[in-house]
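Student: As input, take run.csv (CSV, C-alpha atoms):
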chain,number,residue,atom,x,y,z
A,1,MET,CA,-20.1,2.0,54.9
A,2,THR,CA,-18.7,-1.0,53.0
A,3,LEU,CA,-17.9,-1.5,49.3
A,4,TRP,CA,-19.5,-4.5,47.6
A,5,ARG,CA,-19.8,-5.8,44.1
A,6,ILE,CA,-23.2,-7.1,43.0
A,7,ARG,CA,-23.9,-8.8,39.7
A,8,ALA,CA,-27.5,-9.9,38.8
A,9,THR,CA,-29.5,-10.6,35.7
A,10,VAL,CA,-32.4,-8.2,35.1
A,11,ALA,CA,-35.1,-8.6,32.5
A,12,ASP,CA,-34.4,-6.3,29.6
A,13,ARG,CA,-37.7,-4.5,29.8
A,14,PRO,CA,-38.6,-0.8,30.7
A,15,GLY,CA,-38.7,-0.1,34.4
A,16,PHE,CA,-37.1,-3.4,35.7
A,17,LEU,CA,-33.7,-1.8,36.4
A,18,SER,CA,-35.4,1.1,38.3
A,19,VAL,CA,-37.2,-1.5,40.5
A,20,LEU,CA,-33.9,-3.1,41.4
A,21,THR,CA,-32.2,0.1,42.2
A,22,ALA,CA,-35.2,1.2,44.3
A,23,SER,CA,-35.0,-2.0,46.3
A,24,LEU,CA,-31.4,-1.4,47.1
A,25,ALA,CA,-32.0,2.3,48.0
A,26,LEU,CA,-34.6,1.1,50.6
A,27,ARG,CA,-31.7,-0.6,52.4
A,28,GLY,CA,-29.5,2.5,52.3
A,29,VAL,CA,-27.4,1.1,49.4
A,30,ASN,CA,-25.7,3.7,47.3
A,31,ILE,CA,-24.8,2.7,43.7
A,32,LEU,CA,-21.4,4.1,42.7
A,33,THR,CA,-20.9,2.5,39.3
A,34,VAL,CA,-22.9,0.2,37.0
A,35,GLN,CA,-21.9,-1.8,33.9
A,36,VAL,CA,-24.4,-3.6,31.7
A,37,HIS,CA,-23.4,-6.9,30.0
A,38,THR,CA,-25.8,-8.1,27.3
A,39,THR,CA,-26.4,-11.9,27.3
A,40,GLU,CA,-29.0,-14.3,25.9
A,41,ALA,CA,-30.5,-14.7,29.3
A,42,GLY,CA,-31.1,-10.9,29.8
A,43,ALA,CA,-29.1,-7.9,30.8
A,44,VAL,CA,-26.4,-8.7,33.5
A,45,ASP,CA,-25.9,-5.6,35.6
A,46,ASP,CA,-22.6,-5.3,37.5
A,47,PHE,CA,-22.8,-2.8,40.4
A,48,LEU,CA,-20.2,-1.3,42.7
A,49,VAL,CA,-22.1,-0.2,45.8
A,50,ASP,CA,-21.5,1.4,49.1
A,51,ALA,CA,-23.7,-0.3,51.7
A,52,PRO,CA,-24.3,0.3,55.5
A,53,ALA,CA,-21.8,-1.7,57.6
A,54,GLU,CA,-24.5,-3.8,59.2
A,55,LEU,CA,-25.7,-5.3,56.0
A,56,THR,CA,-24.4,-8.8,55.1
A,57,SER,CA,-24.1,-10.5,51.7
A,58,ASP,CA,-27.4,-12.3,52.4
A,59,ASP,CA,-29.1,-8.9,53.0
A,60,LEU,CA,-27.9,-7.7,49.7
A,61,VAL,CA,-29.0,-10.8,47.8
A,62,ALA,CA,-32.4,-10.5,49.4
A,63,ALA,CA,-32.7,-6.9,48.3
A,64,VAL,CA,-31.7,-7.8,44.8
A,65,GLU,CA,-34.3,-10.6,44.6
A,66,ARG,CA,-37.0,-8.3,45.9
A,67,GLY,CA,-36.1,-6.0,43.0
A,68,ARG,CA,-36.7,-8.8,40.5
A,69,GLY,CA,-33.0,-9.6,40.0
A,70,ARG,CA,-31.9,-13.1,39.2
A,71,ASN,CA,-28.7,-15.2,39.6
A,72,CYS,CA,-27.4,-12.7,42.1
A,73,TRP,CA,-23.7,-12.8,43.1
A,74,VAL,CA,-22.3,-10.6,45.9
A,75,ALA,CA,-18.7,-10.1,47.0
A,76,ARG,CA,-16.7,-7.5,49.1
A,77,SER,CA,-14.7,-5.0,47.0
A,78,GLU,CA,-11.7,-2.8,47.6
A,79,ALA,CA,-11.1,0.9,46.9
A,80,GLN,CA,-9.4,0.1,43.6
A,81,GLY,CA,-12.7,-1.1,42.3
A,82,LEU,CA,-13.7,2.6,42.0
A,83,ALA,CA,-11.7,2.9,38.8
A,84,ASP,CA,-14.1,2.4,35.8
A,85,GLN,CA,-13.6,-0.4,33.4
A,86,PRO,CA,-12.3,1.6,30.4
A,87,THR,CA,-9.6,3.2,32.7
A,88,ARG,CA,-8.5,-0.2,34.0
A,89,ALA,CA,-8.4,-1.7,30.5
A,90,LEU,CA,-6.3,1.2,29.1
A,91,GLY,CA,-3.9,0.8,32.1
A,92,LEU,CA,-3.5,-2.9,31.4
A,93,ALA,CA,-2.9,-2.2,27.7
A,94,SER,CA,-0.2,0.3,28.6
A,95,ARG,CA,1.4,-2.2,30.9
A,96,LEU,CA,1.3,-4.8,28.1
A,97,VAL,CA,3.1,-2.4,25.7
A,98,ARG,CA,5.9,-2.0,28.2
A,99,ASP,CA,6.1,-5.7,29.1
A,100,PRO,CA,4.7,-8.0,26.4
A,101,ASP,CA,5.4,-11.0,28.7
A,102,ALA,CA,2.7,-9.8,31.1
A,103,LEU,CA,-0.2,-11.0,29.0
A,104,GLY,CA,-1.2,-13.8,31.4
A,105,GLU,CA,-1.1,-11.5,34.5
A,106,SER,CA,-2.9,-8.7,32.6
A,107,LEU,CA,-5.7,-11.1,31.7
A,108,ARG,CA,-6.1,-12.1,35.3
A,109,SER,CA,-6.4,-8.5,36.4
A,110,LEU,CA,-8.8,-7.6,33.6
A,111,LEU,CA,-11.1,-10.5,34.4
A,112,ASN,CA,-10.6,-10.7,38.2
A,113,ALA,CA,-9.8,-14.4,37.5
A,114,ASP,CA,-8.9,-17.0,40.0
A,115,SER,CA,-6.1,-18.3,37.8
A,116,VAL,CA,-4.7,-18.0,34.3
A,117,THR,CA,-2.7,-21.0,33.0
A,118,TRP,CA,-0.7,-21.2,29.8
A,119,ARG,CA,-1.2,-24.4,27.8
A,120,PRO,CA,1.2,-25.6,25.0
A,121,VAL,CA,-1.6,-26.5,22.6
A,122,ALA,CA,-3.4,-23.5,21.0
A,123,GLY,CA,-7.0,-23.3,22.2
A,124,GLY,CA,-7.0,-26.8,23.8
A,125,PRO,CA,-9.3,-29.5,22.5
A,126,THR,CA,-12.3,-27.2,22.2
A,127,GLY,CA,-10.7,-24.1,20.7
A,128,PRO,CA,-11.1,-20.5,21.8
A,129,GLY,CA,-14.3,-19.4,23.6
A,130,HIS,CA,-15.8,-19.1,27.0
A,131,GLY,CA,-18.2,-20.9,29.3
A,132,ALA,CA,-19.7,-20.0,32.7
A,133,GLY,CA,-16.3,-20.3,34.6
A,134,THR,CA,-13.8,-21.0,31.9
A,135,MET,CA,-12.3,-18.8,29.1
A,136,ARG,CA,-9.9,-20.0,26.5
A,137,LEU,CA,-7.7,-17.5,24.6
A,138,PRO,CA,-4.9,-18.0,22.0
A,139,ASP,CA,-1.5,-16.8,22.9
A,140,PRO,CA,0.1,-14.9,20.0
A,141,TYR,CA,3.4,-16.4,20.8
A,142,GLY,CA,2.1,-19.9,20.6
A,143,GLY,CA,-0.1,-22.1,22.8
A,144,SER,CA,-3.2,-20.7,24.7
A,145,PHE,CA,-4.4,-19.3,28.0
A,146,GLU,CA,-7.0,-21.0,30.1
A,147,VAL,CA,-8.7,-18.5,32.4
A,148,LEU,CA,-10.7,-19.8,35.4
A,149,ARG,CA,-13.1,-18.0,37.7
A,150,THR,CA,-15.5,-19.6,40.1
A,151,ALA,CA,-18.0,-16.7,40.2
A,152,PRO,CA,-19.5,-14.7,38.6
A,153,SER,CA,-20.0,-16.3,35.2
A,154,PHE,CA,-18.1,-14.9,32.3
A,155,THR,CA,-20.1,-12.7,29.9
A,156,PRO,CA,-19.7,-12.1,26.1
A,157,ALA,CA,-18.6,-8.5,27.0
A,158,GLU,CA,-15.7,-9.8,29.1
A,159,TYR,CA,-14.7,-12.2,26.5
A,160,ALA,CA,-14.6,-9.4,23.9
A,161,ARG,CA,-12.4,-7.3,26.3
A,162,ALA,CA,-10.0,-10.2,26.7
A,163,GLN,CA,-9.9,-10.7,23.0
A,164,ALA,CA,-9.0,-7.1,22.5
A,165,LEU,CA,-6.1,-7.4,24.9
A,166,VAL,CA,-4.9,-10.6,23.1
A,167,ASP,CA,-5.1,-8.7,19.8
A,168,LEU,CA,-2.8,-6.0,21.2
A,169,ALA,CA,-0.4,-8.7,22.3
A,170,GLY,CA,-0.5,-10.1,18.7
A,171,VAL,CA,0.5,-6.7,17.3
A,172,LEU,CA,3.4,-6.5,19.7
A,173,ALA,CA,4.4,-10.0,18.8
A,174,ARG,CA,4.5,-9.2,15.1
A,175,GLN,CA,6.6,-6.1,15.8
A,176,ALA,CA,9.0,-8.1,17.8
A,177,ALA,CA,9.3,-10.7,15.1
A,178,ASP,CA,10.1,-8.0,12.5
A,179,ARG,CA,12.8,-6.4,14.7
A,180,VAL,CA,16.3,-7.6,13.8
A,181,THR,CA,19.9,-6.7,14.4
A,182,LEU,CA,21.7,-5.9,11.2
A,183,VAL,CA,25.5,-6.3,11.0
A,184,LEU,CA,27.1,-4.5,8.1
A,185,PRO,CA,30.3,-5.8,6.3
A,186,ASP,CA,32.4,-3.2,8.1
A,187,GLY,CA,31.2,-4.5,11.5
A,188,ALA,CA,28.7,-1.7,12.3
A,189,GLU,CA,25.5,-2.9,14.0
A,190,LEU,CA,22.1,-1.4,13.5
A,191,THR,CA,18.5,-2.2,14.4
A,192,VAL,CA,15.9,-2.6,11.7
A,193,ARG,CA,12.2,-2.5,12.7
A,194,PRO,CA,8.9,-1.3,11.4
A,195,ALA,CA,8.2,2.4,11.9
A,196,VAL,CA,5.6,3.8,14.4
A,197,PRO,CA,4.1,7.3,14.5
A,198,ALA,CA,6.4,8.2,17.5
A,199,ASP,CA,9.4,7.9,15.1
A,200,LEU,CA,8.5,11.2,13.4
A,201,PRO,CA,11.0,13.5,15.2
A,202,GLY,CA,13.9,11.1,14.6
A,203,LEU,CA,12.9,10.7,10.9
A,204,LEU,CA,12.7,14.4,10.4
A,205,ALA,CA,16.1,14.8,12.0
A,206,MET,CA,17.5,12.3,9.6
A,207,HIS,CA,16.1,14.2,6.6
A,208,ALA,CA,17.7,17.3,8.0
A,209,ARG,CA,21.1,15.6,8.0
A,210,CYS,CA,20.7,14.2,4.4
A,211,SER,CA,22.3,16.2,1.6
A,212,ALA,CA,20.2,17.8,-1.1
A,213,ARG,CA,21.5,15.2,-3.5
A,214,SER,CA,20.2,12.3,-1.5
A,215,LEU,CA,16.9,13.9,-0.9
A,216,GLY,CA,16.5,14.7,-4.6
A,217,ARG,CA,17.1,11.1,-5.4
A,218,ARG,CA,14.6,9.9,-2.8
A,219,TYR,CA,11.9,12.4,-3.8
A,220,PRO,CA,12.6,13.0,-7.6
A,221,ALA,CA,9.5,15.1,-8.1
A,222,ARG,CA,10.4,17.9,-5.7
A,223,GLY,CA,13.6,17.0,-3.9
A,224,VAL,CA,12.1,17.7,-0.5
A,225,ALA,CA,9.5,16.1,1.8
A,226,THR,CA,7.2,18.1,4.1
A,227,PRO,CA,6.8,17.0,7.7
A,228,GLU,CA,3.2,16.0,6.8
A,229,ARG,CA,4.4,13.7,4.0
A,230,VAL,CA,7.0,12.1,6.2
A,231,ARG,CA,4.3,11.5,8.8
A,232,ARG,CA,2.2,9.7,6.2
A,233,LEU,CA,5.1,7.6,5.2
A,234,LEU,CA,5.3,6.3,8.8
A,235,SER,CA,1.9,4.6,8.6
A,236,PRO,CA,1.0,3.6,5.1
A,237,ALA,CA,-2.5,2.4,4.6
A,238,HIS,CA,-1.2,-0.7,2.8
A,239,GLY,CA,2.4,-1.7,3.0
A,240,VAL,CA,5.2,-1.2,5.5
A,241,THR,CA,7.9,1.3,6.4
A,242,LEU,CA,11.2,0.0,7.9
A,243,LEU,CA,13.7,2.1,9.8
A,244,ALA,CA,17.4,1.4,10.4
A,245,LEU,CA,18.6,2.8,13.7
A,246,ALA,CA,22.2,3.3,14.9
A,247,GLY,CA,23.4,3.7,18.4
A,248,GLY,CA,21.7,2.8,21.7
A,249,ALA,CA,23.9,-0.2,22.6
A,250,ASP,CA,26.6,1.9,24.3
A,251,GLY,CA,24.3,4.4,26.0
A,252,THR,CA,24.2,6.8,23.0
A,253,PRO,CA,20.7,7.8,21.8
A,254,GLU,CA,19.3,5.9,18.9
A,255,ARG,CA,19.1,7.8,15.7
A,256,VAL,CA,17.4,7.0,12.4
A,257,VAL,CA,19.9,6.5,9.6
A,258,GLY,CA,17.8,4.7,6.9
A,259,MET,CA,14.2,4.4,5.8
A,260,ALA,CA,12.6,2.0,3.4
A,261,ASN,CA,9.0,2.3,2.2
A,262,LEU,CA,6.6,-0.1,0.5
A,263,SER,CA,3.3,1.6,-0.3
A,264,ALA,CA,0.7,-0.6,-2.0
A,265,GLU,CA,-2.4,0.2,-4.2
A,266,GLY,CA,-4.2,-2.8,-5.4
A,267,VAL,CA,-1.9,-5.5,-6.7
A,268,LEU,CA,1.0,-3.0,-7.2
A,269,ALA,CA,3.4,-1.7,-4.5
A,270,GLU,CA,5.9,1.1,-4.8
A,271,LEU,CA,9.2,0.9,-3.0
A,272,ALA,CA,11.6,3.7,-2.1
A,273,LEU,CA,14.7,4.1,-0.1
A,274,LEU,CA,16.6,6.8,1.8
A,275,VAL,CA,19.9,6.3,3.5
A,276,GLU,CA,21.8,9.0,5.3
A,277,ASP,CA,24.9,10.1,3.4
A,278,GLY,CA,27.4,8.7,6.0
A,279,TRP,CA,25.8,5.3,5.8
A,280,GLN,CA,25.6,4.9,2.1
A,281,ARG,CA,27.8,2.4,0.1
A,282,ARG,CA,28.0,0.1,3.3
A,283,GLY,CA,25.3,-2.5,2.5
A,284,LEU,CA,22.5,-0.9,4.4
A,285,GLY,CA,20.4,-0.1,1.3
A,286,THR,CA,20.9,-3.7,0.0
A,287,ALA,CA,19.6,-5.1,3.3
A,288,LEU,CA,16.6,-2.8,3.5
A,289,LEU,CA,15.6,-3.3,-0.1
A,290,ARG,CA,15.9,-7.1,0.2
A,291,ARG,CA,13.4,-7.0,3.2
A,292,LEU,CA,10.9,-5.0,1.1
A,293,VAL,CA,11.1,-7.4,-1.7
A,294,GLY,CA,10.5,-10.3,0.7
A,295,TYR,CA,7.6,-8.4,2.3
A,296,GLY,CA,6.0,-7.8,-1.1
A,297,SER,CA,6.3,-11.4,-2.1
A,298,ARG,CA,4.7,-12.7,1.1
A,299,ALA,CA,1.9,-10.1,0.8
A,300,GLY,CA,1.0,-11.4,-2.6
A,301,TYR,CA,1.6,-8.2,-4.7
A,302,ALA,CA,1.9,-8.8,-8.4
A,303,ALA,CA,4.8,-6.4,-8.9
A,304,LEU,CA,6.9,-3.7,-7.2
A,305,LEU,CA,7.6,-0.3,-8.8
A,306,ALA,CA,10.6,2.0,-8.1
A,307,HIS,CA,10.7,5.6,-9.4
A,308,THR,CA,14.2,7.0,-9.6
A,309,ARG,CA,16.3,9.4,-11.6
A,310,ALA,CA,18.6,8.3,-14.4
A,311,ASP,CA,21.7,9.6,-12.5
A,312,ASN,CA,20.9,7.5,-9.4
A,313,VAL,CA,23.4,4.9,-10.5
A,314,GLY,CA,23.6,3.3,-7.0
A,315,MET,CA,19.9,2.6,-6.8
A,316,LEU,CA,19.7,1.3,-10.4
A,317,ARG,CA,22.6,-1.1,-9.7
A,318,LEU,CA,21.1,-2.2,-6.5
A,319,LEU,CA,17.7,-3.0,-8.2
A,320,ASP,CA,19.5,-4.7,-11.0
A,321,ARG,CA,21.4,-7.0,-8.6
A,322,LEU,CA,18.6,-7.9,-6.3
A,323,CYS,CA,15.4,-7.7,-8.4
A,324,ARG,CA,15.7,-9.5,-11.6
A,325,PRO,CA,13.7,-10.1,-13.8
A,326,ARG,CA,12.7,-6.4,-14.2
A,327,THR,CA,11.8,-3.9,-16.8
A,328,ILE,CA,12.6,-0.2,-17.1
A,329,ASP,CA,10.4,2.6,-18.5
A,330,ARG,CA,12.2,5.8,-19.3
A,331,ASP,CA,10.5,9.2,-19.2
A,332,GLY,CA,13.3,11.7,-19.7
A,333,SER,CA,15.5,11.6,-16.6
A,334,ARG,CA,12.8,9.8,-14.6
A,335,TRP,CA,12.9,6.1,-14.7
A,336,THR,CA,10.4,3.5,-13.4
A,337,VAL,CA,11.7,0.0,-12.6
A,338,THR,CA,9.1,-2.7,-12.5
A,339,VAL,CA,9.8,-6.0,-10.7
A,340,PRO,CA,7.1,-8.7,-11.4
A,341,LEU,CA,7.0,-10.8,-8.3
A,342,HIS,CA,5.0,-13.6,-9.8
A,343,ASP,CA,7.8,-14.2,-12.3
A,344,ARG,CA,10.3,-14.5,-9.4
A,345,GLN,CA,8.0,-17.1,-7.8
A,346,ALA,CA,7.5,-19.0,-11.0
A,347,ALA,CA,11.3,-19.1,-11.5
A,348,GLY,CA,11.7,-20.6,-8.1
A,349,VAL,CA,13.4,-17.5,-6.6
A,350,PRO,CA,12.7,-17.4,-2.8
A,351,ALA,CA,11.2,-14.2,-1.5
A,352,THR,CA,14.3,-13.4,0.5
A,353,GLU,CA,17.0,-14.6,-1.8
A,354,SER,CA,18.8,-12.7,-4.6
A,355,PRO,CA,18.2,-14.3,-8.1
A,356,THR,CA,22.0,-13.9,-8.7
A,357,GLY,CA,22.6,-16.5,-6.0
A,358,VAL,CA,23.7,-14.2,-3.2
A,359,PRO,CA,22.3,-15.5,0.1
A,360,ALA,CA,19.7,-13.1,1.4
A,361,ALA,CA,19.2,-11.9,5.0
A,362,ARG,CA,16.8,-14.1,6.8
A,363,THR,CA,13.4,-12.7,7.4
A,364,PRO,CA,11.5,-14.1,10.5
A,365,THR,CA,7.9,-14.8,9.8
A,366,ALA,CA,5.0,-14.8,12.2
A,367,GLY,CA,4.7,-18.5,11.8
A,368,ALA,CA,8.3,-19.2,12.6
A,369,SER,CA,8.2,-16.9,15.6
A,370,THR,CA,5.1,-18.7,16.9
A,371,ALA,CA,6.6,-22.1,16.5
A,372,GLY,CA,9.8,-21.1,18.1
A,373,ALA,CA,8.0,-19.5,21.1
A,374,SER,CA,5.8,-22.6,21.5
A,375,THR,CA,8.8,-24.9,21.6
A,376,ALA,CA,10.6,-22.6,24.1
A,377,ARG,CA,7.5,-22.5,26.3
A,378,ALA,CA,7.0,-26.3,26.2
A,379,SER,CA,10.6,-26.9,27.0
A,380,THR,CA,10.5,-24.6,30.1
A,381,ALA,CA,7.1,-26.1,31.1
A,382,ARG,CA,5.6,-22.7,31.8
A,383,ALA,CA,2.1,-23.6,32.9
A,384,SER,CA,2.1,-21.3,35.9
A,385,THR,CA,-0.7,-19.3,37.5
A,386,ALA,CA,0.5,-16.1,35.9
A,387,GLY,CA,0.5,-17.9,32.6
A,388,ALA,CA,3.3,-15.8,30.9
A,389,PRO,CA,6.6,-17.5,29.9
A,390,ASP,CA,9.9,-15.9,30.8
A,391,ALA,CA,11.2,-13.1,28.6
A,392,GLY,CA,14.3,-15.1,27.6
A,393,ALA,CA,12.2,-17.7,25.7
A,394,ARG,CA,10.4,-15.0,23.8
A,395,ALA,CA,13.6,-13.1,23.0
A,396,ALA,CA,15.2,-16.3,21.7
A,397,ALA,CA,12.2,-17.0,19.5
A,398,THR,CA,11.9,-13.5,18.0
A,399,SER,CA,15.4,-12.1,17.5
A,400,GLU,CA,18.1,-12.9,15.0
A,401,VAL,CA,21.1,-11.2,13.3
A,402,GLU,CA,21.3,-10.3,9.6
A,403,THR,CA,24.5,-9.8,7.7
A,404,PRO,CA,24.3,-8.2,4.2
A,405,ALA,CA,26.2,-10.2,1.6
A,406,ALA,CA,27.8,-7.1,0.1
A,407,ALA,CA,27.7,-3.3,0.1
A,408,GLU,CA,25.6,-1.6,-2.5
A,409,ALA,CA,27.3,0.2,-5.3
Would you mind giving the structure from this file in structure tokens?
Tutor:
Amino acid sequence: MTLWRIRATVADRPGFLSVLTASLALRGVNILTVQVHTTEAGAVDDFLVDAPAELTSDDLVAAVERGRGRNCWVARSEAQGLADQPTRALGLASRLVRDPDALGESLRSLLNADSVTWRPVAGGPTGPGHGAGTMRLPDPYGGSFEVLRTAPSFTPAEYARAQALVDLAGVLARQAADRVTLVLPDGAELTVRPAVPADLPGLLAMHARCSARSLGRRYPARGVATPERVRRLLSPAHGVTLLALAGGADGTPERVVGMANLSAEGVLAELALLVEDGWQRRGLGTALLRRLVGYGSRAGYAALLAHTRADNVGMLRLLDRLCRPRTIDRDGSRWTVTVPLHDRQAAGVPATESPTGVPAARTPTAGASTAGASTARASTARASTAGAPDAGARAAATSEVETPAAAEA
């Protein structure tokens, strides 16, 4: 027995698929898997079959045509073709998470393409889309991929799968762009990046190391946070959670030492900050808060709110230094600081610069990352078959070092 792949267009009418399968069965062909691609010309059925060794490709084409199949394409297949399409797609997505530079090769595997070539111009002259043998996809790092396949013709379903893989690469690109190295005034280096659900154990461990005084200032209502509440903070519906991590460079395990939250509802966003006791008064809170203000400005929120206690002098001074103009509403020992972002923009205060004139830490944007990556790719002329530029070019385009201007009070 021999494995073959067969693709044919079948009229989308009751009974027509059974006629095709019956015609194959008469030649001793066993259908192992089938996928259906909906197209304007009809249903395109993609079969993986096990056929008698004596049958040739011409015999299979004849059997398909007798079964009322049209535009038949037949090719030999290997054992790995037995893996179903969802399993293959998930495997490629997992590979892409581990190696974001593998997008070009992942697209070639997903689509069984003849070649995947990276182009320096996004989408080419005709923009993203697909034809019979060509598919054009944007590269989240800049430029575009041109996918070529002689046969069979690309279908809308395959284009949608490729777009989903590109979307995943886009998420990874944005995460890489937001990951920075932070150098504190005392020389300590930390990594600041967006939080992910897998960070829950490390964040709970940081809460366990924090004093009751620090937790009470971060959670003024109760002074504690349940694991479920901490889990929700990791993935806000609207906003962002940033983590500061120490260690990892010298082989020691990374540990979370700071958390900054921005949770939005409508045009208002609430910010909050928790820094482990041993890392307080070293500039970490200043750097994290500055990034939250910049994020809120870019996201278009009208104002930021911070709820704190009257005895949290460090937080109040930090907000006063970085977030003017602002107003304070007092409700006993609970204070609410409001920072109107539109007033900052009208006054010409950049989103990532302190209004007092202290230079702010640079915040890489998606646009800057894309432009940098595009330039790096063009300079290295990476239009190879695999289509993915080298990791060095991407790292240079998406990493930078921040230095806080001064430690918080």
Student: Please provide the set of residues having any atom within 12 Å of region 4-6 of chain A, restricted to all atoms listed in the file, with same-chain residues fewer than 5 positions apart removed, written as number ranges by chain.
Tutor: A: 20-21, 24, 29-36, 44-53, 55-65, 69-82, 112, 151-152
Student: Using only C-alpha atoms, which of A:Gly247, A:Pro14, A:Gly258, A:Gly91 sits nearest Arg193 (chain A)?
Tutor: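 For Arg193 (chain A), the nearest of the given residues is A:Gly258.
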Student: Can you tell me which residues surround Val313 (chain A) at a distance of at most 12 Å, considering all atoms listed in the file, apart from same-chain residues fewer than 2 positions away, and format the answer as a PyMOL selection string?
Tutor: chain A and resi 217+281+308-311+315-320+335+408-409
Student: To one decimal in Å, tell me the separation between CA of Trp118 (chain A) and CA of Phe145 (chain A).
Tutor: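 Rounded to one decimal, the two atoms are 4.5 Å apart.
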Student: Considering only C-alpha atoms, state which residue in the set A:Thr117, A:Asn312, A:Asn261, A:Thr252 is at the smallest distance from Leu234 (chain A).
Tutor: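 With only C-alpha atoms as the atom set, the closest residue is A:Asn261.
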Student: Compare A:Met206, A:Leu107, A:Val257, A:Leu341 by their minimum atom-to-atom distance to Gly296 (chain A), counting all atoms listed in the file, and give me the closest one.
Tutor: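 For Gly296 (chain A), the nearest of the given residues is A:Leu341.
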